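S.K.: This is the structure I want to talk about, given as structure tokens.
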Amino acid sequence: MDIFFQQLVNGLSLGGIYALIALGYTMVYGIIELINFAHGDVYTLGTFFSLAILLGLGVSGEVHGFALVWVVLLTMLGAMLLCGVTGVLIERLAYRRLRNAPRLAPLITAIGMSFILENAMQLWRGPTPIAFPAVIPNPSLHVGGVEIAAKQILVIVLAVVMMAGLQLFIYRTKMGKAMRATAQDREAAQLMGIDINTTIAMTFLIGSALAGAAGFVSGVYYQSTWFFNGFEAGLKAFTAAVLGGIGNVAGAMLGGFLIGLVEAFATQFIPQGAQWTNVVVFSVLVLVLVFRPSGLLGEALPEKV
Amino acid sequence: MLIGIAVGRCAAVALVSALLVGCTSSSTTSQSSSTIVKIGVELPLSGGDAANGIPTDNGVKLAVEEANKNAPAGFSFAVDDLDDAVQGAHDPAQGAQNTKVFISDSAVLAMIGPFNSNVAKAEIPLTNDAELTQISPSNTNPGLTLGDDAKKLRTSHPDVNNYFRVCTTDDKQGAAGAQFARKLGLKKAFIVDDNETYGKGLADVFEAAFKKAGGTVLGHEHLTKNQQDFKALLTKAHSQNPDLIFYGGTTVTGGGLLRKQMADAGMASITYIGGDGISDDTFLKQAGSMANGSYYTVAAPETSKLASAKDFVTAYKAKFKGDVGPYSANAYTAAMIEIAAIEKAIQANGNKLPSRLDVLKNVAATKDFNSPIGKVGFDANGDTTAPILSIYKISGGKAQFVDQINLKS
């Protein structure tokens, strides 16, 4: 039974990272129906920015006490801001002009953007994996026979908090209302006096900032990064978004955790399971889509009438 | 504008003549200036494998530079190196593409590489068809030279072997690892590999050898490509109480992170042994402080322990201002063997450019060749006749030579 709970913790913490990335995917899709393939790379960029900030602060090992709070906040907010700005720039440079073009054009542009970011990161920090300082002391909690690392709690809590914050933002603020209106009917929203460009830029800002937060957390969690990380993580996060119902914030979160759990349990309970994790994950995806074509929680896109 | 056209026309003529030469594979050589003989080098020179690829490439460059000081009259040697890394990792399709470039270039008389066994699988059928000599400094998968697997790679010329290697094979490397693990008193192993030709081959041999030496294998798992989180896998391994994790694969396919995450899974005190795939700086960086206490085998002798390698190490350090890579001396030796074979063939051909087959025959006949890694020769399969392996332990963030195993039998 201990093993079951240990794998539950493992799966939730892995899923937390997927969930954080999936939030950005789902937001962008929700508002302009674009699968932003560059999103996974913005997430990797988040680790690179965090690393640069940490090095700038002169942090190379564990930080304790009050300084820890400052370092974590400064690094995470810095990475979020830089990633957010990157996201807005990507939207401005690559996607805005194609907003009314056929669907395929922005999709291909997104793939191109992903390559550009990957190669830029390769130029910046070289092609080999890079070590990330172990900033956060990592004591383990022992609950029965289950070992829960502090970092794992951080990942899970952060994912839930971010999701809740995002939900509040979308349903309780004026800008959130503008986003929902834009998602529902762009032209009508414009006629009602909503600045479409600002609203969409805002979506990219928030979505990419969340990717930046995910980048920081994954850097702290794995203590390693490299320019190509975003590919696999982006793919899984996209799957998570589809699984939960793309465009649906709570769904992205659910999908992320679910994929993390499926991976952990498949590894544990299937003989030689580590090599079959992707097969199991995507089989679950296919099954869910067969019975619920719009994902577990359904597309929360306001229906177009 | 005029110049542009003129240059364009010249290029076109050159291209056509190059194509003609390529098709007829005749050896029309102009005696006006020195004829360039190219050694085609096929290695991962960018991406995660570059940490190994570049020092290996440097070994060839050094050999060619030295050979040029004393080249046969009218000839000079040149290195033509191509990169097989795509998206940061070695790629068999890119390797095959590079090999085709070498085959179509009539100045390439012999080839060195590739670094990775799965890339070699894609290349051997091509070089076998073209009868182009290929020496790998580092491919350790046994199936490249032995058994039915090797036959399947040589369908064009089953009777001609054109592929050689100066390193030993995984059946020896895995066996040496197993022998060493038993020597450390380890009994219960959990094996993980990266499901690639090299990693799985190494792990399978280790498993068999470890069982044969009286050890127990608790489990053998394969990783998925690009996997980053190994906690679930390590939790599974930990629940079976192993005293050893053996990893078959490279750092980039998971070796570094797997070792690092052993700390998070409460397995910091469990011994970790790998093959030469984790013998790079990236492993030290990625695994961080957890790298300490890991062991790995390298299918080559330790150059700093060999009297014969002293000159090589000095020359290498002077030229490249860096440390010798684990396969630099092997690449240097491979290049020396090819250059000697080419020189001999030039002489036999009346100081004219020899055919690739002439070079191949000379390479195949190599015996007791004096090199930095000792006396090297090839058996009928193209495998080295001097299977020496080294074992290293990482402590204080640096690899320390522990033991040398000679499996010559």
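If you're wondering about the labels, chains in the structure tokens are A, B, ... by order shown, residues count from 1 in each chain, ligands from 1 in order shown.
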How would you write, as a list in words, the set of residues in segment 107-169 of chain A that DSSP gives as strand (DSSP E or B)?
M.R.: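 Output for segment 107-169 of chain A, strand (DSSP E or B) only: Ile130, Ala131, Ser140, Leu141, His142, Val143, Val146, Glu147, Ile148 and Ala149 of chain A.
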S.K.: Keeping only N, CA and C atoms, take the residues you just selected and write them out as a short mmCIF file (atom, residue, chain, number, x, y, z; two decimals), in the first residue's frame.
M.R.:
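Final output, saved to part31.cif:
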data_model
loop_
_atom_site.label_atom_id
_atom_site.label_comp_id
_atom_site.auth_asym_id
_atom_site.auth_seq_id
_atom_site.Cartn_x
_atom_site.Cartn_y
_atom_site.Cartn_z
N ILE A 130 22.19 21.34 -18.85
CA ILE A 130 22.80 22.30 -17.95
C ILE A 130 22.31 22.02 -16.53
N ALA A 131 23.22 22.10 -15.57
CA ALA A 131 22.83 21.89 -14.18
C ALA A 131 22.14 23.13 -13.65
N SER A 140 12.57 15.64 3.52
CA SER A 140 11.46 14.76 3.17
C SER A 140 10.53 14.59 4.36
N LEU A 141 9.26 14.51 4.06
CA LEU A 141 8.25 14.24 5.07
C LEU A 141 7.98 12.74 5.05
N HIS A 142 7.95 12.12 6.20
CA HIS A 142 7.61 10.70 6.21
C HIS A 142 6.20 10.52 6.75
N VAL A 143 5.34 10.08 5.89
CA VAL A 143 3.97 9.80 6.31
C VAL A 143 3.79 8.29 6.16
N VAL A 146 5.58 6.42 3.33
CA VAL A 146 5.65 7.23 2.12
C VAL A 146 6.55 8.43 2.35
N GLU A 147 7.42 8.68 1.36
CA GLU A 147 8.36 9.77 1.49
C GLU A 147 7.91 10.90 0.56
N ILE A 148 7.62 12.06 1.14
CA ILE A 148 7.21 13.19 0.30
C ILE A 148 8.26 14.27 0.42
N ALA A 149 8.90 14.61 -0.72
CA ALA A 149 9.93 15.64 -0.71
C ALA A 149 9.28 17.01 -0.71
#
S.K.: Just the residues within 12 Å of Asn98 of chain B, please, counting only C-alpha atoms, with nothing from its chain fewer than 3 positions along; format it as a VMD selection string.
M.R.: chain B and resid 40 to 44 80 to 85 91 to 95 101 to 105 111 to 114 119 to 120 122 to 123 126 to 127
S.K.: DSSP on the backbone: which residues in segment 245-385 of chain B end up as alpha helix (DSSP H)? Give the answer as a ChimeraX atom specification.
M.R.: /B:256-264,281-287,310-320,328-348,356-364
S.K.: Keeping only C-alpha atoms, write those residues as a PDB file, in the first residue's frame.
M.R.:
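New file selection-v7.pdb:
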ATOM      1  CA  GLY B 256      22.549  11.563 -15.546  1.00  0.00           C
ATOM      2  CA  LEU B 257      19.054  12.334 -14.309  1.00  0.00           C
ATOM      3  CA  LEU B 258      18.469   8.741 -13.227  1.00  0.00           C
ATOM      4  CA  ARG B 259      21.513   8.908 -10.974  1.00  0.00           C
ATOM      5  CA  LYS B 260      20.537  12.330  -9.656  1.00  0.00           C
ATOM      6  CA  GLN B 261      16.981  11.299  -8.818  1.00  0.00           C
ATOM      7  CA  MET B 262      18.214   8.276  -6.882  1.00  0.00           C
ATOM      8  CA  ALA B 263      18.808  10.796  -4.070  1.00  0.00           C
ATOM      9  CA  ASP B 264      15.180  11.940  -4.112  1.00  0.00           C
ATOM     10  CA  ASP B 281      31.426  15.787 -18.402  1.00  0.00           C
ATOM     11  CA  THR B 282      27.707  16.118 -18.942  1.00  0.00           C
ATOM     12  CA  PHE B 283      27.159  13.233 -16.527  1.00  0.00           C
ATOM     13  CA  LEU B 284      29.199  14.986 -13.856  1.00  0.00           C
ATOM     14  CA  LYS B 285      27.239  18.196 -14.332  1.00  0.00           C
ATOM     15  CA  GLN B 286      23.817  16.643 -14.606  1.00  0.00           C
ATOM     16  CA  ALA B 287      24.100  14.236 -11.700  1.00  0.00           C
ATOM     17  CA  LYS B 310      52.509   9.521 -23.662  1.00  0.00           C
ATOM     18  CA  ASP B 311      53.506  11.283 -26.898  1.00  0.00           C
ATOM     19  CA  PHE B 312      49.931  11.295 -28.089  1.00  0.00           C
ATOM     20  CA  VAL B 313      48.627  12.856 -24.875  1.00  0.00           C
ATOM     21  CA  THR B 314      51.294  15.577 -24.947  1.00  0.00           C
ATOM     22  CA  ALA B 315      50.630  16.405 -28.595  1.00  0.00           C
ATOM     23  CA  TYR B 316      46.873  16.427 -28.042  1.00  0.00           C
ATOM     24  CA  LYS B 317      47.041  18.745 -25.062  1.00  0.00           C
ATOM     25  CA  ALA B 318      49.382  21.103 -26.891  1.00  0.00           C
ATOM     26  CA  LYS B 319      47.146  21.318 -29.936  1.00  0.00           C
ATOM     27  CA  PHE B 320      43.659  21.401 -28.434  1.00  0.00           C
ATOM     28  CA  SER B 328      40.388  10.413 -28.685  1.00  0.00           C
ATOM     29  CA  ALA B 329      43.247   7.904 -28.734  1.00  0.00           C
ATOM     30  CA  ASN B 330      41.003   5.348 -30.429  1.00  0.00           C
ATOM     31  CA  ALA B 331      40.076   7.823 -33.153  1.00  0.00           C
ATOM     32  CA  TYR B 332      43.727   8.764 -33.556  1.00  0.00           C
ATOM     33  CA  THR B 333      44.661   5.094 -33.897  1.00  0.00           C
ATOM     34  CA  ALA B 334      41.848   4.448 -36.393  1.00  0.00           C
ATOM     35  CA  ALA B 335      43.047   7.372 -38.507  1.00  0.00           C
ATOM     36  CA  MET B 336      46.675   6.173 -38.307  1.00  0.00           C
ATOM     37  CA  ILE B 337      45.661   2.711 -39.516  1.00  0.00           C
ATOM     38  CA  GLU B 338      43.721   4.158 -42.437  1.00  0.00           C
ATOM     39  CA  ILE B 339      46.491   6.564 -43.376  1.00  0.00           C
ATOM     40  CA  ALA B 340      49.081   3.778 -43.288  1.00  0.00           C
ATOM     41  CA  ALA B 341      46.830   1.617 -45.457  1.00  0.00           C
ATOM     42  CA  ILE B 342      46.305   4.457 -47.933  1.00  0.00           C
ATOM     43  CA  GLU B 343      50.028   5.212 -48.127  1.00  0.00           C
ATOM     44  CA  LYS B 344      50.799   1.564 -48.746  1.00  0.00           C
ATOM     45  CA  ALA B 345      48.144   1.407 -51.458  1.00  0.00           C
ATOM     46  CA  ILE B 346      49.502   4.557 -53.112  1.00  0.00           C
ATOM     47  CA  GLN B 347      52.932   2.978 -53.239  1.00  0.00           C
ATOM     48  CA  ALA B 348      51.627  -0.291 -54.664  1.00  0.00           C
ATOM     49  CA  ARG B 356      38.884   2.064 -52.112  1.00  0.00           C
ATOM     50  CA  LEU B 357      39.137  -1.708 -52.307  1.00  0.00           C
ATOM     51  CA  ASP B 358      42.956  -1.546 -52.237  1.00  0.00           C
ATOM     52  CA  VAL B 359      42.774   0.546 -49.071  1.00  0.00           C
ATOM     53  CA  LEU B 360      40.233  -1.823 -47.573  1.00  0.00           C
ATOM     54  CA  LYS B 361      42.453  -4.864 -48.166  1.00  0.00           C
ATOM     55  CA  ASN B 362      45.374  -3.154 -46.432  1.00  0.00           C
ATOM     56  CA  VAL B 363      43.246  -2.161 -43.441  1.00  0.00           C
ATOM     57  CA  ALA B 364      41.884  -5.696 -43.105  1.00  0.00           C
TER      58      ALA B 364
END
S.K.: Would you mind listing, as a PyMOL selection string, all residues of chain B that have at least one atom within 7 Å of chain A, where only C-alpha atoms are what counts?
M.R.: chain B and resi 46-48+88+220-224+226+231-233+236+282+285-286
S.K.: Would you put the residues from that selection into a file with C-alpha atoms, as a short mmCIF file (atom, residue, chain, number, x, y, z; two decimals), in the first residue's frame?
M.R.:
data_model
loop_
_atom_site.label_atom_id
_atom_site.label_comp_id
_atom_site.auth_asym_id
_atom_site.auth_seq_id
_atom_site.Cartn_x
_atom_site.Cartn_y
_atom_site.Cartn_z
CA SER B 46 26.65 19.13 -31.85
CA GLY B 47 23.98 18.48 -29.28
CA GLY B 48 24.25 16.42 -26.14
CA GLY B 88 20.64 17.69 -30.20
CA HIS B 220 15.18 -4.99 -16.03
CA GLU B 221 13.34 -1.88 -17.21
CA HIS B 222 13.61 0.14 -20.41
CA LEU B 223 13.22 3.92 -20.55
CA THR B 224 11.11 5.93 -22.96
CA ASN B 226 13.08 12.01 -23.80
CA LYS B 231 10.87 8.82 -9.66
CA ALA B 232 8.15 6.30 -10.42
CA LEU B 233 10.68 3.87 -11.86
CA LYS B 236 9.54 0.55 -8.13
CA THR B 282 27.71 16.12 -18.94
CA LYS B 285 27.24 18.20 -14.33
CA GLN B 286 23.82 16.64 -14.61
#
S.K.: For Gly78 of chain A, find every residue with an atom within 12 Å (counting only C-alpha atoms), except residues of its own chain fewer than 3 positions away, and show them as number ranges by chain.
M.R.: A: 46-54, 56-57, 70-75, 81-85, 209-210, 212-213, 215-216
S.K.: Determine the nearest neighbour of Tyr296 of chain B from the options B:Ser390, B:Ser308, B:Ser239, B:Thr197, counting only C-alpha atoms.
M.R.: B:Ser390
S.K.: Could you name the residues that touch Phe204 of chain A at 12 Å or less, counting only C-alpha atoms, but leaving out those on the same chain fewer than 2 positions away, as an MDAnalysis selection string?
M.R.: chainID A and resid 23:32 34 36 38:39 42 80:81 83:92 95:96 179 197:202 206:212
S.K.: Would you put the residues from that selection into a file with N, CA and C atoms, as a CSV table (one decimal), in the first residue's frame?
M.R.:
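The file below, again.csv, is the result:
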chain,number,residue,atom,x,y,z
A,23,LEU,N,-2.1,24.8,-18.7
A,23,LEU,CA,-2.9,26.0,-18.5
A,23,LEU,C,-2.7,27.0,-19.7
A,24,GLY,N,-1.5,27.2,-20.0
A,24,GLY,CA,-1.1,28.2,-21.1
A,24,GLY,C,-1.7,27.7,-22.4
A,25,TYR,N,-1.5,26.4,-22.7
A,25,TYR,CA,-2.0,25.8,-24.0
A,25,TYR,C,-3.5,26.1,-24.1
A,26,THR,N,-4.2,25.8,-23.0
A,26,THR,CA,-5.6,25.8,-23.1
A,26,THR,C,-6.1,27.2,-23.2
A,27,MET,N,-5.4,28.2,-22.5
A,27,MET,CA,-5.9,29.6,-22.6
A,27,MET,C,-5.8,30.1,-24.0
A,28,VAL,N,-4.7,29.9,-24.6
A,28,VAL,CA,-4.5,30.4,-26.0
A,28,VAL,C,-5.4,29.7,-26.9
A,29,TYR,N,-5.6,28.4,-26.8
A,29,TYR,CA,-6.6,27.8,-27.7
A,29,TYR,C,-8.0,28.3,-27.4
A,30,GLY,N,-8.3,28.5,-26.2
A,30,GLY,CA,-9.6,29.0,-25.8
A,30,GLY,C,-10.0,30.3,-26.5
A,31,ILE,N,-9.0,31.2,-26.7
A,31,ILE,CA,-9.3,32.5,-27.2
A,31,ILE,C,-9.1,32.6,-28.7
A,32,ILE,N,-8.1,32.0,-29.2
A,32,ILE,CA,-7.9,32.2,-30.7
A,32,ILE,C,-7.9,30.9,-31.4
A,34,LEU,N,-5.8,28.5,-31.5
A,34,LEU,CA,-4.5,28.2,-32.1
A,34,LEU,C,-3.8,27.3,-31.1
A,36,ASN,N,-0.7,26.5,-29.8
A,36,ASN,CA,0.6,27.2,-29.8
A,36,ASN,C,1.8,26.3,-29.5
A,38,ALA,N,4.7,26.6,-29.8
A,38,ALA,CA,5.9,27.2,-29.2
A,38,ALA,C,5.8,27.3,-27.7
A,39,HIS,N,4.7,26.9,-27.1
A,39,HIS,CA,4.4,27.0,-25.7
A,39,HIS,C,5.4,26.2,-24.9
A,42,VAL,N,8.6,28.0,-24.6
A,42,VAL,CA,8.5,29.1,-23.7
A,42,VAL,C,8.7,28.6,-22.3
A,80,MET,N,8.6,34.6,-14.8
A,80,MET,CA,7.3,34.8,-15.3
A,80,MET,C,7.1,36.0,-16.2
A,81,LEU,N,7.7,37.1,-15.7
A,81,LEU,CA,7.7,38.4,-16.4
A,81,LEU,C,8.4,38.2,-17.8
A,83,CYS,N,9.1,35.5,-19.5
A,83,CYS,CA,8.4,34.6,-20.4
A,83,CYS,C,7.1,35.3,-20.9
A,84,GLY,N,6.4,36.0,-20.0
A,84,GLY,CA,5.2,36.7,-20.4
A,84,GLY,C,5.5,37.7,-21.6
A,85,VAL,N,6.6,38.4,-21.4
A,85,VAL,CA,7.0,39.4,-22.5
A,85,VAL,C,7.3,38.6,-23.7
A,86,THR,N,8.0,37.5,-23.6
A,86,THR,CA,8.4,36.7,-24.8
A,86,THR,C,7.1,36.3,-25.5
A,87,GLY,N,6.1,35.8,-24.7
A,87,GLY,CA,4.9,35.3,-25.3
A,87,GLY,C,4.2,36.4,-26.0
A,88,VAL,N,4.1,37.6,-25.4
A,88,VAL,CA,3.5,38.8,-26.1
A,88,VAL,C,4.2,39.1,-27.4
A,89,LEU,N,5.5,39.1,-27.4
A,89,LEU,CA,6.3,39.4,-28.6
A,89,LEU,C,6.0,38.3,-29.7
A,90,ILE,N,6.0,37.1,-29.3
A,90,ILE,CA,5.7,36.0,-30.2
A,90,ILE,C,4.3,36.3,-30.9
A,91,GLU,N,3.3,36.6,-30.1
A,91,GLU,CA,2.0,36.9,-30.6
A,91,GLU,C,2.0,38.1,-31.6
A,92,ARG,N,2.7,39.1,-31.1
A,92,ARG,CA,2.8,40.3,-31.9
A,92,ARG,C,3.5,40.1,-33.3
A,95,TYR,N,1.9,35.8,-34.8
A,95,TYR,CA,0.6,35.3,-34.9
A,95,TYR,C,-0.4,36.4,-35.3
A,96,ARG,N,-0.2,37.7,-34.9
A,96,ARG,CA,-1.3,38.7,-35.0
A,96,ARG,C,-1.7,38.9,-36.5
A,179,MET,N,-11.8,38.6,-22.0
A,179,MET,CA,-11.3,37.4,-22.6
A,179,MET,C,-12.4,36.4,-23.0
A,197,ASN,N,-6.9,43.3,-29.6
A,197,ASN,CA,-5.5,43.2,-29.6
A,197,ASN,C,-4.9,43.1,-28.2
A,198,THR,N,-5.4,44.0,-27.3
A,198,THR,CA,-4.9,44.0,-25.9
A,198,THR,C,-5.3,42.7,-25.2
A,199,THR,N,-6.6,42.3,-25.4
A,199,THR,CA,-7.1,41.2,-24.8
A,199,THR,C,-6.3,39.9,-25.1
A,200,ILE,N,-6.0,39.8,-26.4
A,200,ILE,CA,-5.3,38.6,-26.9
A,200,ILE,C,-3.9,38.6,-26.4
A,201,ALA,N,-3.3,39.8,-26.4
A,201,ALA,CA,-1.9,40.0,-25.9
A,201,ALA,C,-1.9,39.6,-24.4
A,202,MET,N,-2.9,40.0,-23.7
A,202,MET,CA,-3.0,39.7,-22.3
A,202,MET,C,-3.0,38.2,-22.1
A,206,ILE,N,-0.3,36.1,-19.8
A,206,ILE,CA,-0.6,35.3,-18.7
A,206,ILE,C,-0.2,33.8,-18.9
A,207,GLY,N,-0.6,33.3,-20.1
A,207,GLY,CA,-0.3,31.9,-20.4
A,207,GLY,C,1.2,31.7,-20.4
A,208,SER,N,2.0,32.6,-21.0
A,208,SER,CA,3.4,32.4,-21.0
A,208,SER,C,4.0,32.6,-19.7
A,209,ALA,N,3.4,33.5,-18.9
A,209,ALA,CA,3.9,33.7,-17.5
A,209,ALA,C,3.8,32.4,-16.7
A,210,LEU,N,2.7,31.7,-16.9
A,210,LEU,CA,2.4,30.4,-16.2
A,210,LEU,C,3.5,29.4,-16.7
A,211,ALA,N,3.8,29.5,-18.0
A,211,ALA,CA,4.9,28.6,-18.5
A,211,ALA,C,6.2,28.9,-17.8
A,212,GLY,N,6.4,30.2,-17.6
A,212,GLY,CA,7.6,30.7,-16.9
A,212,GLY,C,7.7,30.1,-15.5
S.K.: Would you mind reading off the distance between atom CA of Ser395 of chain B and atom CA of Gly288 of chain B, one decimal, in Å?
M.R.: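 Atom CA of Ser395 of chain B sits 11.3 Å away from atom CA of Gly288 of chain B.
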S.K.: Residues within 12 Å of Ile273 of chain B, please, as a VMD selection string. Count only C-alpha atoms; anything in the same chain fewer than 5 positions from it doesn't count.
M.R.: chain B and resid 173 to 174 176 to 182 184 186 189 to 193 202 to 203 206 243 to 249 255 to 256 258 to 259 278 to 279 291 to 298 391 to 394
S.K.: Would you output that residue set with C-alpha atoms, as a tab-separated table (two decimals), in the first residue's frame?
M.R.:
chain	number	residue	atom	x	y	z
B	173	GLN	CA	32.04	-4.32	-21.57
B	174	GLY	CA	28.93	-5.77	-19.95
B	176	ALA	CA	33.63	-6.57	-17.32
B	177	GLY	CA	30.98	-4.50	-15.52
B	178	ALA	CA	29.39	-7.65	-14.09
B	179	GLN	CA	32.76	-9.06	-13.04
B	180	PHE	CA	33.62	-5.80	-11.33
B	181	ALA	CA	30.23	-5.55	-9.58
B	182	ARG	CA	30.70	-9.02	-8.13
B	184	LEU	CA	32.66	-5.18	-5.08
B	186	LEU	CA	27.21	-6.68	-4.91
B	189	ALA	CA	20.99	-5.73	-9.31
B	190	PHE	CA	18.18	-3.70	-10.80
B	191	ILE	CA	18.91	-2.98	-14.47
B	192	VAL	CA	17.70	0.03	-16.46
B	193	ASP	CA	18.47	0.72	-20.10
B	202	LEU	CA	25.03	-3.54	-22.93
B	203	ALA	CA	22.33	-4.14	-20.32
B	206	PHE	CA	25.40	-7.39	-18.11
B	243	ASP	CA	22.25	-3.09	-3.84
B	244	LEU	CA	23.13	-2.03	-7.38
B	245	ILE	CA	21.50	-0.05	-10.19
B	246	PHE	CA	23.10	-0.88	-13.52
B	247	TYR	CA	22.40	1.57	-16.32
B	248	GLY	CA	22.83	0.73	-20.02
B	249	GLY	CA	22.70	3.88	-22.10
B	255	GLY	CA	21.86	8.25	-17.28
B	256	GLY	CA	22.55	11.56	-15.55
B	258	LEU	CA	18.47	8.74	-13.23
B	259	ARG	CA	21.51	8.91	-10.97
B	278	ILE	CA	28.04	8.00	-19.05
B	279	SER	CA	31.77	8.68	-19.32
B	291	ALA	CA	27.76	11.61	-9.53
B	292	ASN	CA	30.22	10.76	-6.77
B	293	GLY	CA	30.38	7.06	-6.05
B	294	SER	CA	29.24	6.02	-9.53
B	295	TYR	CA	31.31	3.61	-11.57
B	296	TYR	CA	31.57	3.16	-15.30
B	297	THR	CA	33.44	0.96	-17.74
B	298	VAL	CA	35.13	2.24	-20.88
B	391	ILE	CA	36.92	0.93	-14.92
B	392	TYR	CA	36.50	4.38	-13.40
B	393	LYS	CA	34.97	5.66	-10.19
B	394	ILE	CA	33.73	9.21	-9.78
S.K.: Considering only C-alpha atoms, state which residue in the set B:Val79, B:Ala380, B:Leu389, B:Ile373 is at the smallest distance from Gly275 of chain B.
M.R.: B:Leu389
S.K.: Using atom CA of Ala178 of chain A and atom CA of Ala252 of chain A as the two end points, give the distance in Å to one decimal.
M.R.: 20.9 Å
S.K.: Let me make sure I understand: among B:Asn406, B:Asn195, B:Ser156, B:Gln87, which one has the smallest atom-to-atom distance to Pro387 of chain B if we use only C-alpha atoms?
M.R.: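 Nearest candidate to Pro387 of chain B out of B:Asn406, B:Asn195, B:Ser156, B:Gln87: B:Asn406.
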S.K.: Grab the atom CA of Arg154 of chain B to atom CA of Asp204 of chain B distance for me, in Å with one decimal place.
M.R.: 24.1 Å
